[in-house]
$ cat coords-v6.cif   # mmCIF, C-alpha atoms and all ligand atoms
data_protein
loop_
_atom_site.label_atom_id
_atom_site.label_comp_id
_atom_site.auth_asym_id
_atom_site.auth_seq_id
_atom_site.Cartn_x
_atom_site.Cartn_y
_atom_site.Cartn_z
CA MET A 1 0.00 0.00 0.00
CA LYS A 2 2.02 2.94 -1.35
CA ILE A 3 1.52 6.57 -0.34
CA THR A 4 0.36 8.51 -3.40
CA ARG A 5 -0.86 11.85 -2.07
CA ILE A 6 -0.63 14.01 1.05
CA GLU A 7 -3.12 16.81 1.50
CA THR A 8 -3.57 19.38 4.29
CA PHE A 9 -6.65 21.39 5.13
CA LEU A 10 -6.45 24.44 7.39
CA LEU A 11 -9.88 24.83 8.98
CA LYS A 12 -10.99 28.00 10.75
CA ALA A 13 -14.19 28.79 12.63
CA PRO A 14 -14.45 32.38 13.95
CA LEU A 15 -16.04 32.60 17.40
CA GLY A 16 -17.30 36.21 17.38
CA GLU A 17 -18.68 37.08 20.81
CA GLU A 18 -17.99 33.54 22.06
CA ARG A 19 -14.24 34.23 22.07
CA PHE A 20 -12.44 33.32 25.29
CA TRP A 21 -9.09 33.83 27.03
CA SER A 22 -6.53 31.77 28.93
CA SER A 23 -3.66 33.33 30.90
CA GLN A 24 -1.64 33.40 27.66
CA ALA A 25 -3.87 34.34 24.77
CA SER A 26 -7.33 35.04 23.43
CA PHE A 27 -9.13 32.53 21.23
CA PRO A 28 -11.00 34.58 18.61
CA GLU A 29 -11.39 31.52 16.40
CA ARG A 30 -10.97 27.75 16.48
CA LYS A 31 -8.59 26.26 13.96
CA SER A 32 -7.30 22.83 13.02
CA LEU A 33 -4.80 21.52 10.50
CA LEU A 34 -6.12 18.23 9.13
CA VAL A 35 -3.93 15.84 7.14
CA ARG A 36 -5.14 13.26 4.64
CA ILE A 37 -2.85 10.57 3.21
CA ASP A 38 -4.07 8.70 0.13
CA THR A 39 -2.71 5.38 -1.12
CA ASP A 40 -2.70 3.26 -4.26
CA ALA A 41 -4.96 0.79 -2.41
CA GLY A 42 -7.77 3.36 -2.54
CA LEU A 43 -7.65 3.82 1.25
CA SER A 44 -7.15 7.19 2.92
CA GLY A 45 -6.11 8.03 6.47
CA TRP A 46 -6.79 11.21 8.43
CA GLY A 47 -4.70 12.95 11.03
CA GLU A 48 -4.51 16.27 12.81
CA ALA A 49 -1.36 18.28 13.42
CA GLY A 50 -1.88 20.30 16.59
CA GLN A 51 -0.73 23.86 16.32
CA TYR A 52 -0.46 25.99 19.39
CA GLY A 53 0.72 28.73 17.04
CA PRO A 54 0.11 29.47 13.36
CA ALA A 55 -0.68 26.40 11.25
CA GLU A 56 1.14 27.55 8.11
CA PRO A 57 4.66 26.57 9.29
CA VAL A 58 3.32 23.13 10.25
CA ALA A 59 1.70 22.69 6.81
CA SER A 60 4.92 23.86 5.20
CA GLN A 61 6.94 21.18 7.00
CA ILE A 62 4.42 18.51 5.98
CA HIS A 63 4.68 19.44 2.31
CA ASP A 64 8.18 20.91 1.91
CA VAL A 65 10.09 18.64 4.31
CA PHE A 66 8.22 15.36 4.87
CA ALA A 67 6.09 14.72 1.75
CA PRO A 68 9.21 14.09 -0.39
CA MET A 69 10.29 11.43 2.18
CA LEU A 70 6.89 9.69 2.22
CA LEU A 71 5.48 9.81 -1.32
CA GLY A 72 5.86 6.46 -3.08
CA GLU A 73 6.77 4.69 0.21
CA GLU A 74 4.95 1.79 1.90
CA ALA A 75 2.28 3.21 4.24
CA ARG A 76 2.11 0.23 6.64
CA GLN A 77 5.11 1.21 8.75
CA PRO A 78 4.42 4.36 10.78
CA ALA A 79 7.22 3.66 13.29
CA VAL A 80 9.77 3.35 10.48
CA HIS A 81 8.57 6.60 8.92
CA TRP A 82 8.58 8.27 12.36
CA ASP A 83 12.21 7.44 12.90
CA LEU A 84 13.26 8.55 9.43
CA MET A 85 11.32 11.81 9.68
CA TYR A 86 12.73 12.56 13.12
CA SER A 87 16.33 11.59 12.31
CA ARG A 88 16.48 13.52 9.04
CA THR A 89 15.25 16.73 10.71
CA ARG A 90 17.10 16.36 14.00
CA ASP A 91 19.53 19.19 13.28
CA PHE A 92 16.77 21.79 12.87
CA GLY A 93 13.61 20.11 14.23
CA ALA A 94 13.17 17.94 17.35
CA LYS A 95 10.51 20.23 18.89
CA GLY A 96 7.62 22.52 18.02
CA SER A 97 6.11 22.63 14.55
CA THR A 98 8.42 19.90 13.18
CA ILE A 99 7.06 17.37 15.67
CA GLU A 100 3.52 18.68 15.18
CA ALA A 101 3.92 17.93 11.45
CA ILE A 102 5.28 14.43 12.19
CA SER A 103 2.39 13.90 14.64
CA GLY A 104 -0.29 14.69 12.05
CA LEU A 105 1.33 12.39 9.49
CA ASP A 106 1.81 9.59 12.05
CA ILE A 107 -1.85 9.73 13.13
CA ALA A 108 -2.95 9.54 9.47
CA LEU A 109 -0.64 6.54 8.89
CA TRP A 110 -2.07 4.70 11.93
CA ASP A 111 -5.59 5.49 10.70
CA LEU A 112 -4.56 3.99 7.35
CA ILE A 113 -3.16 0.72 8.72
CA GLY A 114 -6.27 0.41 10.89
CA ARG A 115 -8.38 0.71 7.75
CA PHE A 116 -6.11 -1.73 5.92
CA HIS A 117 -6.46 -4.36 8.67
CA GLU A 118 -10.06 -3.35 9.47
CA ALA A 119 -9.10 -2.91 13.12
CA PRO A 120 -9.27 0.06 15.49
CA ILE A 121 -5.95 1.63 16.45
CA TRP A 122 -6.43 0.51 20.07
CA GLU A 123 -6.39 -3.09 18.84
CA LEU A 124 -3.20 -2.57 16.82
CA LEU A 125 -1.56 -1.03 19.92
CA GLY A 126 -2.27 -4.13 21.99
CA GLY A 127 -5.85 -3.78 23.14
CA ALA A 128 -8.21 -1.59 25.15
CA PHE A 129 -8.14 -1.54 28.95
CA ARG A 130 -11.56 0.12 28.84
CA ARG A 131 -14.28 0.70 26.25
CA THR A 132 -15.92 3.54 28.15
CA VAL A 133 -13.83 6.53 29.14
CA GLU A 134 -14.62 9.15 31.73
CA THR A 135 -14.10 12.72 30.61
CA TYR A 136 -13.44 15.95 32.37
CA ALA A 137 -14.86 19.23 31.07
CA THR A 138 -12.18 21.75 30.16
CA GLY A 139 -13.91 25.10 30.37
CA LEU A 140 -14.34 27.91 32.89
CA TYR A 141 -12.13 30.27 30.87
CA TYR A 142 -12.13 34.05 30.95
CA ARG A 143 -15.01 35.27 28.79
CA GLY A 144 -17.10 38.32 27.95
CA PRO A 145 -16.21 41.73 26.54
CA ASP A 146 -13.72 42.34 29.39
CA PRO A 147 -12.10 39.05 30.49
CA THR A 148 -10.53 40.78 33.50
CA ASP A 149 -13.93 41.90 34.92
CA LEU A 150 -14.05 39.83 38.12
CA ALA A 151 -17.73 40.42 39.01
CA ALA A 152 -19.00 39.55 35.53
CA GLY A 153 -16.66 36.55 35.48
CA LEU A 154 -18.04 35.19 38.76
CA THR A 155 -21.63 35.30 37.47
CA GLN A 156 -20.67 33.60 34.24
CA LEU A 157 -18.54 30.94 36.01
CA ARG A 158 -21.34 29.99 38.42
CA GLU A 159 -23.70 29.39 35.49
CA GLU A 160 -21.14 27.46 33.46
CA ALA A 161 -20.03 25.31 36.41
CA ALA A 162 -23.63 24.46 37.31
CA ARG A 163 -24.22 23.40 33.70
CA TYR A 164 -21.32 20.90 33.84
CA ARG A 165 -22.75 19.48 37.05
CA GLU A 166 -26.16 19.06 35.41
CA GLU A 167 -24.58 17.44 32.35
CA GLY A 168 -23.11 14.76 34.61
CA PHE A 169 -19.38 15.52 34.51
CA SER A 170 -17.49 14.12 37.48
CA ALA A 171 -14.53 16.46 36.92
CA VAL A 172 -14.07 19.98 35.56
CA LYS A 173 -11.03 22.13 34.86
CA ALA A 174 -10.83 25.89 35.35
CA LYS A 175 -8.36 28.47 34.11
CA ILE A 176 -6.30 30.60 36.46
CA GLY A 177 -3.38 32.96 35.91
CA LEU A 178 -4.87 35.85 33.92
CA LEU A 179 -6.00 37.83 36.99
CA PRO A 180 -4.05 38.53 40.20
CA PRO A 181 -4.00 35.37 42.38
CA ARG A 182 -6.47 36.81 44.91
CA ASP A 183 -9.08 37.39 42.18
CA ASP A 184 -8.43 34.00 40.57
CA LEU A 185 -8.95 32.34 43.97
CA GLU A 186 -12.33 34.08 44.21
CA ARG A 187 -13.18 32.56 40.85
CA ILE A 188 -12.14 29.09 42.09
CA ALA A 189 -14.22 29.59 45.27
CA ALA A 190 -17.29 30.45 43.15
CA ILE A 191 -16.79 27.38 40.99
CA ARG A 192 -16.35 25.05 43.99
CA GLU A 193 -19.55 26.43 45.50
CA ALA A 194 -21.45 25.92 42.22
CA ILE A 195 -20.31 22.33 41.62
CA GLY A 196 -20.53 21.15 45.22
CA ASP A 197 -18.17 18.75 46.98
CA ASP A 198 -18.49 15.63 44.83
CA ILE A 199 -17.04 16.89 41.55
CA LEU A 200 -13.28 16.95 41.04
CA LEU A 201 -11.93 20.41 40.37
CA LEU A 202 -8.68 20.97 38.44
CA ALA A 203 -6.83 24.29 37.95
CA ASP A 204 -4.73 25.21 34.92
CA ALA A 205 -2.42 28.26 34.96
CA ASN A 206 -0.91 27.76 31.49
CA HIS A 207 2.52 28.54 33.01
CA ALA A 208 1.54 32.01 34.27
CA TYR A 209 3.54 32.04 37.53
CA ASN A 210 7.01 32.30 38.95
CA THR A 211 7.88 29.48 41.31
CA HIS A 212 7.26 31.45 44.51
CA VAL A 213 3.86 32.68 43.31
CA ALA A 214 2.94 29.18 42.14
CA CYS A 215 3.82 27.77 45.59
CA THR A 216 1.59 30.37 47.26
CA VAL A 217 -1.25 29.71 44.82
CA ALA A 218 -0.90 25.94 45.35
CA ARG A 219 -1.20 26.38 49.12
CA GLU A 220 -4.36 28.49 48.70
CA LEU A 221 -5.83 26.03 46.18
CA GLU A 222 -5.64 23.22 48.75
CA ARG A 223 -8.59 24.84 50.58
CA PHE A 224 -10.76 24.18 47.52
CA ARG A 225 -9.63 20.53 47.22
CA ILE A 226 -8.07 21.02 43.79
CA TYR A 227 -7.06 17.60 42.45
CA TRP A 228 -4.36 18.75 40.04
CA PHE A 229 -2.55 22.03 39.38
CA GLU A 230 -1.63 22.18 35.69
CA GLU A 231 1.31 24.07 34.19
CA PRO A 232 2.11 26.13 37.30
CA VAL A 233 5.38 27.50 35.85
CA VAL A 234 7.06 27.72 32.44
CA PRO A 235 7.94 24.35 30.89
CA GLU A 236 11.68 25.14 30.78
CA ASP A 237 11.75 25.42 34.59
CA LEU A 238 11.85 21.80 35.73
CA GLU A 239 13.42 22.81 39.03
CA GLY A 240 10.48 25.20 39.54
CA TYR A 241 8.07 22.32 38.84
CA ARG A 242 9.92 20.16 41.35
CA ARG A 243 9.77 22.90 44.00
CA VAL A 244 6.03 23.54 43.48
CA ARG A 245 5.41 19.79 43.60
CA ALA A 246 7.34 19.45 46.86
CA SER A 247 5.40 22.37 48.38
CA THR A 248 1.87 20.97 48.01
CA THR A 249 -0.35 17.91 48.36
CA ILE A 250 -2.02 18.80 45.03
CA ALA A 251 -0.89 16.67 42.07
CA ILE A 252 1.23 18.60 39.56
CA ALA A 253 0.37 18.16 35.88
CA GLY A 254 2.09 19.42 32.76
CA GLY A 255 3.73 18.62 29.46
CA GLU A 256 1.32 19.82 26.78
CA CYS A 257 4.16 22.03 25.43
CA GLU A 258 6.68 19.17 25.45
CA HIS A 259 7.57 16.90 22.54
CA THR A 260 8.82 13.34 22.08
CA ARG A 261 10.15 10.85 24.62
CA TYR A 262 13.45 12.73 24.62
CA GLY A 263 11.66 15.79 26.00
CA PHE A 264 9.45 13.95 28.49
CA VAL A 265 12.11 11.74 29.99
CA ARG A 266 13.88 14.87 31.31
CA TRP A 267 10.73 15.78 33.26
CA PHE A 268 10.42 12.26 34.62
CA ALA A 269 14.07 12.08 35.68
CA ALA A 270 13.68 15.49 37.41
CA HIS A 271 10.62 14.20 39.35
CA ALA A 272 8.78 17.27 38.06
CA LEU A 273 5.35 15.73 37.52
CA ASP A 274 2.62 13.57 39.00
CA ILE A 275 0.64 13.65 35.74
CA ALA A 276 2.14 13.92 32.24
CA GLN A 277 -0.01 15.46 29.49
CA PRO A 278 1.54 14.74 26.08
CA ASP A 279 -0.68 15.83 23.19
CA PRO A 280 -1.02 13.12 20.49
CA THR A 281 -1.19 15.78 17.75
CA ALA A 282 1.86 17.68 19.01
CA ALA A 283 4.18 15.37 20.95
CA GLY A 284 4.67 12.76 18.22
CA GLY A 285 1.48 10.93 17.19
CA PHE A 286 0.60 7.37 18.24
CA THR A 287 4.09 5.99 17.59
CA GLU A 288 5.75 8.38 20.02
CA LEU A 289 2.89 8.72 22.53
CA ALA A 290 3.06 4.97 23.18
CA ARG A 291 6.75 5.43 24.05
CA ILE A 292 6.09 8.50 26.21
CA CYS A 293 3.37 6.59 28.11
CA ALA A 294 5.78 3.66 28.58
CA ALA A 295 8.48 5.99 29.91
CA ALA A 296 5.95 7.66 32.23
CA SER A 297 4.92 4.29 33.67
CA ALA A 298 8.56 3.39 34.36
CA PHE A 299 8.75 6.55 36.53
CA HIS A 300 5.29 5.95 38.06
CA VAL A 301 3.93 9.12 36.48
CA GLN A 302 0.32 8.97 35.33
CA CYS A 303 -0.19 9.72 31.64
CA LEU A 304 -3.33 11.72 30.79
CA PRO A 305 -2.98 12.99 27.23
CA HIS A 306 -3.79 16.61 26.44
CA VAL A 307 -6.62 16.81 23.90
CA TRP A 308 -7.43 19.98 21.96
CA GLY A 309 -8.63 20.45 18.41
CA SER A 310 -11.17 19.05 15.99
CA GLY A 311 -13.05 15.75 16.20
CA VAL A 312 -10.00 14.09 14.60
CA ALA A 313 -7.72 15.09 17.50
CA LEU A 314 -10.43 14.00 19.92
CA ALA A 315 -10.73 10.59 18.24
CA ALA A 316 -6.93 10.17 18.40
CA GLY A 317 -6.93 11.02 22.11
CA LEU A 318 -9.73 8.54 22.71
CA GLN A 319 -7.96 5.68 20.89
CA LEU A 320 -4.81 6.33 22.89
CA LEU A 321 -6.62 6.63 26.21
CA ALA A 322 -8.18 3.20 25.73
CA THR A 323 -4.66 1.68 25.66
CA ILE A 324 -3.23 3.29 28.81
CA PRO A 325 -2.94 0.75 31.65
CA PRO A 326 -4.48 1.56 35.04
CA ALA A 327 -1.93 3.28 37.28
CA PRO A 328 -1.77 1.53 39.62
CA TYR A 329 -3.83 -1.64 39.13
CA THR A 330 -6.62 -2.16 41.64
CA ALA A 331 -9.65 -4.44 41.75
CA SER A 332 -11.83 -1.32 41.63
CA PRO A 333 -10.67 0.98 38.81
CA ARG A 334 -11.60 4.61 39.33
CA ALA A 335 -10.89 7.76 37.32
CA PRO A 336 -8.71 9.67 37.82
CA TYR A 337 -7.09 7.89 40.76
CA THR A 338 -6.20 4.77 38.77
CA GLU A 339 -7.98 5.24 35.43
CA PRO A 340 -7.14 7.90 32.84
CA LEU A 341 -9.55 10.76 32.18
CA LEU A 342 -10.20 12.11 28.67
CA GLU A 343 -9.92 15.87 28.30
CA TRP A 344 -13.22 17.13 26.86
CA ASP A 345 -12.83 20.66 25.54
CA ALA A 346 -16.24 22.12 26.44
CA ASN A 347 -15.61 25.46 24.75
CA PRO A 348 -17.41 26.42 21.55
CA ASN A 349 -15.83 24.64 18.56
CA PRO A 350 -17.90 23.59 15.53
CA LEU A 351 -14.85 21.68 14.22
CA ARG A 352 -15.12 19.22 17.13
CA THR A 353 -18.50 17.89 16.04
CA GLU A 354 -19.14 18.96 12.44
CA VAL A 355 -16.14 17.30 10.76
CA LEU A 356 -17.30 13.88 12.04
CA GLU A 357 -20.30 12.11 10.54
CA GLU A 358 -21.03 10.69 14.00
CA PRO A 359 -19.74 13.26 16.51
CA ILE A 360 -18.07 12.06 19.71
CA VAL A 361 -20.16 13.54 22.54
CA PRO A 362 -20.06 12.67 26.25
CA ARG A 363 -23.17 11.29 27.91
CA GLU A 364 -23.21 11.68 31.69
CA GLY A 365 -19.55 12.66 31.39
CA LYS A 366 -18.51 9.46 29.57
CA VAL A 367 -17.70 8.55 25.95
CA GLN A 368 -17.58 5.18 24.22
CA VAL A 369 -14.39 4.05 22.49
CA PRO A 370 -15.37 3.34 18.86
CA ASP A 371 -15.05 -0.13 17.30
CA GLY A 372 -14.56 1.03 13.72
CA PRO A 373 -11.28 0.72 11.83
CA GLY A 374 -8.41 3.16 12.41
CA LEU A 375 -9.51 6.21 14.36
CA GLY A 376 -13.04 4.80 14.34
CA ILE A 377 -14.51 7.90 12.72
CA ARG A 378 -15.86 8.91 9.34
CA ILE A 379 -14.97 12.38 8.10
CA ASP A 380 -17.69 14.64 6.74
CA GLU A 381 -15.71 16.02 3.81
CA ARG A 382 -18.38 18.62 3.01
CA ALA A 383 -17.96 20.05 6.52
CA VAL A 384 -14.17 20.01 6.04
CA ALA A 385 -14.59 21.94 2.76
CA ARG A 386 -16.94 24.42 4.44
CA TYR A 387 -14.36 25.43 7.05
CA THR A 388 -11.20 25.13 4.91
CA VAL A 389 -9.40 28.44 4.37
CA ALA A 390 -6.16 27.03 2.92
CA GLN A 391 -5.38 23.72 1.25
CA ARG A 392 -2.13 22.21 0.01
CA CYS A 393 -1.47 18.99 -1.83
CA SER A 394 1.72 17.00 -2.51
CA GLU A 395 1.71 14.11 -4.99
CA CA B 401 -3.72 22.99 29.71
#
$ encode --input "coords-v6.cif" --output "structure tokens" --more "lines below"
Ligand code: CA
Amino acid sequence: MKITRIETFLLKAPLGEERFWSSQASFPERKSLLVRIDTDAGLSGWGEAGQYGPAEPVASQIHDVFAPMLLGEEARQPAVHWDLMYSRTRDFGAKGSTIEAISGLDIALWDLIGRFHEAPIWELLGGAFRRTVETYATGLYYRGPDPTDLAAGLTQLREEAARYREEGFSAVKAKIGLLPPRDDLERIAAIREAIGDDILLLADANHAYNTHVACTVARELERFRIYWFEEPVVPEDLEGYRRVRASTTIAIAGGECEHTRYGFVRWFAAHALDIAQPDPTAAGGFTELARICAAASAFHVQCLPHVWGSGVALAAGLQLLATIPPAPYTASPRAPYTEPLLEWDANPNPLRTEVLEEPIVPREGKVQVPDGPGLGIRIDERAVARYTVAQRCSE
């Protein structure tokens, strides 16, 4: 099964008044870079290359750097292609958009071999530990015309948090780090009050703090029974991570900005994390995520992949999550203490549902792992065309 064509689709969906903010940036639109690989067997595979920044450099690497390596080659060997792509770009790649490009191609290749063998990716990776996955709602961002307006934010957060409780989520994640810590703690207090005591609450600073501020915030967060504190400090500061982790009983999570096993193993060796969050579309696709999860388990770090993007990225995260062993094994598996949780981005994003013919949607906070071949999804190509603002093709 030879690779005959590689196509990328940059999808954009403007959010208008639904735009939202994290501590780092505003989200005026949702965007995704989808990858399709066609073969001489008539089968096609889909992937998504996560871009935390502009998608154009990622698309450029797919077409200008990697397509010449892949076109005409056998598709049924993603790990071989991964190693060649990584090794031939080591001198200028190894991180960032290069690995995002490799990730999108790797996911599409795994989707292809799943379709070739008529098996889901979880089966090709050794089997599913679970066929139903618990999700947590990632929401509770800064919204409205003035995202720094504390009073307006509190009203909006109470409504949003109550909605997640009614929808049956057992865990929700809130943003912190845009406002001064005292104001952010008021926001967390409002959310805790709205969701009650039984729902897990997670806090994500998107690396907004210095170590000493992060330690203070962690101590204050303990009052609200925060389960994990995500990206407290910048990802370069592993010593800062270690110090925050030593200062608190809250689990420390991070790694969505890290790439490959070479990047993650430094965090593990530094004892920087309780929970590692590699993103399948950014840290290296299925080939590399399986290795990162293996390395995490050797250091007794829980692996809960970061999931952000269209329905394709969500499907990839779901396939991977099915294959992650309980950590540790018990006779009574329970998320998130032993079982992994799937990140469910609850923010507005038409690309999450519309590009899939059967959208993946949580019911009572849970989603089913699909049985179908590859990623287990069917792409609605008319929806892809509707949102595509730039398209490139290599053949
Ligand atoms: Ca995050």
$ closest_atom_pairs --input "coords-v6.cif" --of "chain A" --to "ligand CA 401 (chain B)" --cutoff "7 Å" --atoms "all atoms listed in the file" --output "Markdown table"
| residue | atom | partner | partner_atom | distance |
| --- | --- | --- | --- | --- |
| A:Asp204 | CA | B:CA401 | CA | 5.8 |
| A:Asn206 | CA | B:CA401 | CA | 5.8 |
| A:Glu230 | CA | B:CA401 | CA | 6.4 |
| A:Glu231 | CA | B:CA401 | CA | 6.8 |
| A:Glu256 | CA | B:CA401 | CA | 6.6 |
$ residues_near_point --input "coords-v6.cif" --point "(6.2, 29.7, 44.9)" --cutoff "10 Å" --atoms "all atoms listed in the file" --output "MDAnalysis selection string"
chainID A and resid 209:219 232:233 240:241 243:244 247
$ write_last_selection --input "coords-v6.cif" --atoms "C-alpha atoms" --output "short mmCIF file (atom, residue, chain, number, x, y, z; two decimals), keeping the file's coordinate frame"
data_model
loop_
_atom_site.label_atom_id
_atom_site.label_comp_id
_atom_site.auth_asym_id
_atom_site.auth_seq_id
_atom_site.Cartn_x
_atom_site.Cartn_y
_atom_site.Cartn_z
CA TYR A 209 3.54 32.04 37.53
CA ASN A 210 7.01 32.30 38.95
CA THR A 211 7.88 29.48 41.31
CA HIS A 212 7.26 31.45 44.51
CA VAL A 213 3.86 32.68 43.31
CA ALA A 214 2.94 29.18 42.14
CA CYS A 215 3.82 27.77 45.59
CA THR A 216 1.59 30.37 47.26
CA VAL A 217 -1.25 29.71 44.82
CA ALA A 218 -0.90 25.94 45.35
CA ARG A 219 -1.20 26.38 49.12
CA PRO A 232 2.11 26.13 37.30
CA VAL A 233 5.38 27.50 35.85
CA GLY A 240 10.48 25.20 39.54
CA TYR A 241 8.07 22.32 38.84
CA ARG A 243 9.77 22.90 44.00
CA VAL A 244 6.03 23.54 43.48
CA SER A 247 5.40 22.37 48.38
#
$ closest_residue --input "coords-v6.cif" --among "A:Gln391, A:Thr323, A:Thr155, A:Ser170" --to "Ala137 in chain A" --atoms "only C-alpha atoms"
A:Ser170
$ residues_around --input "coords-v6.cif" --residues "Lys366 in chain A" --least-positions-apart "2" --cutoff "6 Å" --atoms "only C-alpha atoms" --output "CSV table (one decimal) with C-alpha atoms, in the frame of the given file"
chain,number,residue,atom,x,y,z
A,133,VAL,CA,-13.8,6.5,29.1
A,134,GLU,CA,-14.6,9.2,31.7
A,135,THR,CA,-14.1,12.7,30.6
A,362,PRO,CA,-20.1,12.7,26.2
A,363,ARG,CA,-23.2,11.3,27.9
A,364,GLU,CA,-23.2,11.7,31.7
$ residues_around --input "coords-v6.cif" --residues "Trp344 in chain A" --least-positions-apart "2" --cutoff "9 Å" --atoms "all atoms listed in the file" --output "PyMOL selection string"
chain A and resi 135-139+307-308+314+342+346-347+361-362+365
$ residues_around --input "coords-v6.cif" --residues "range 158-164 of chain A" --least-positions-apart "5" --cutoff "8 Å" --atoms "only C-alpha atoms" --output "ChimeraX atom specification"
/A:137,140,169,172,190-191,194-195
$ closest_residue --input "coords-v6.cif" --among "A:Ala253, A:Ile99, A:Val369, A:Val65" --to "Glu123 in chain A" --atoms "all atoms listed in the file"
A:Val369
$ closest_residue --input "coords-v6.cif" --among "A:Thr287, A:Ser97, A:Gln368, A:Gln51" --to "Lys31 in chain A" --atoms "only C-alpha atoms"
A:Gln51
$ residues_around --input "coords-v6.cif" --residues "range 268-274 of chain A" --least-positions-apart "2" --cutoff "6 Å" --atoms "all atoms listed in the file" --output "PyMOL selection string"
chain A and resi 238+241-242+251-253+265-266+301
$ atom_distance --input "coords-v6.cif" --atom1 "CA of Trp267 in chain A" --atom2 "CA of Gly255 in chain A"
8.5 Å
$ atom_distance --input "coords-v6.cif" --atom1 "CA of Asp83 in chain A" --atom2 "CA of Ala59 in chain A"
19.5 Å
$ atom_distance --input "coords-v6.cif" --atom1 "CA of Ser32 in chain A" --atom2 "CA of Ser394 in chain A"
18.9 Å
$ residues_near_point --input "coords-v6.cif" --point "(9.1, 17.9, 27.6)" --cutoff "10 Å" --atoms "all atoms listed in the file" --output "PyMOL selection string"
chain A and resi 95+235-236+238+254-268+276-278+283+292
$ closest_residue --input "coords-v6.cif" --among "A:Leu341, A:Leu84, A:Ala294, A:Ala282" --to "Leu70 in chain A" --atoms "only C-alpha atoms"
A:Leu84
$ closest_residue --input "coords-v6.cif" --among "A:Pro145, A:Gly72, A:Pro78, A:Gly93" --to "Trp21 in chain A" --atoms "only C-alpha atoms"
A:Pro145
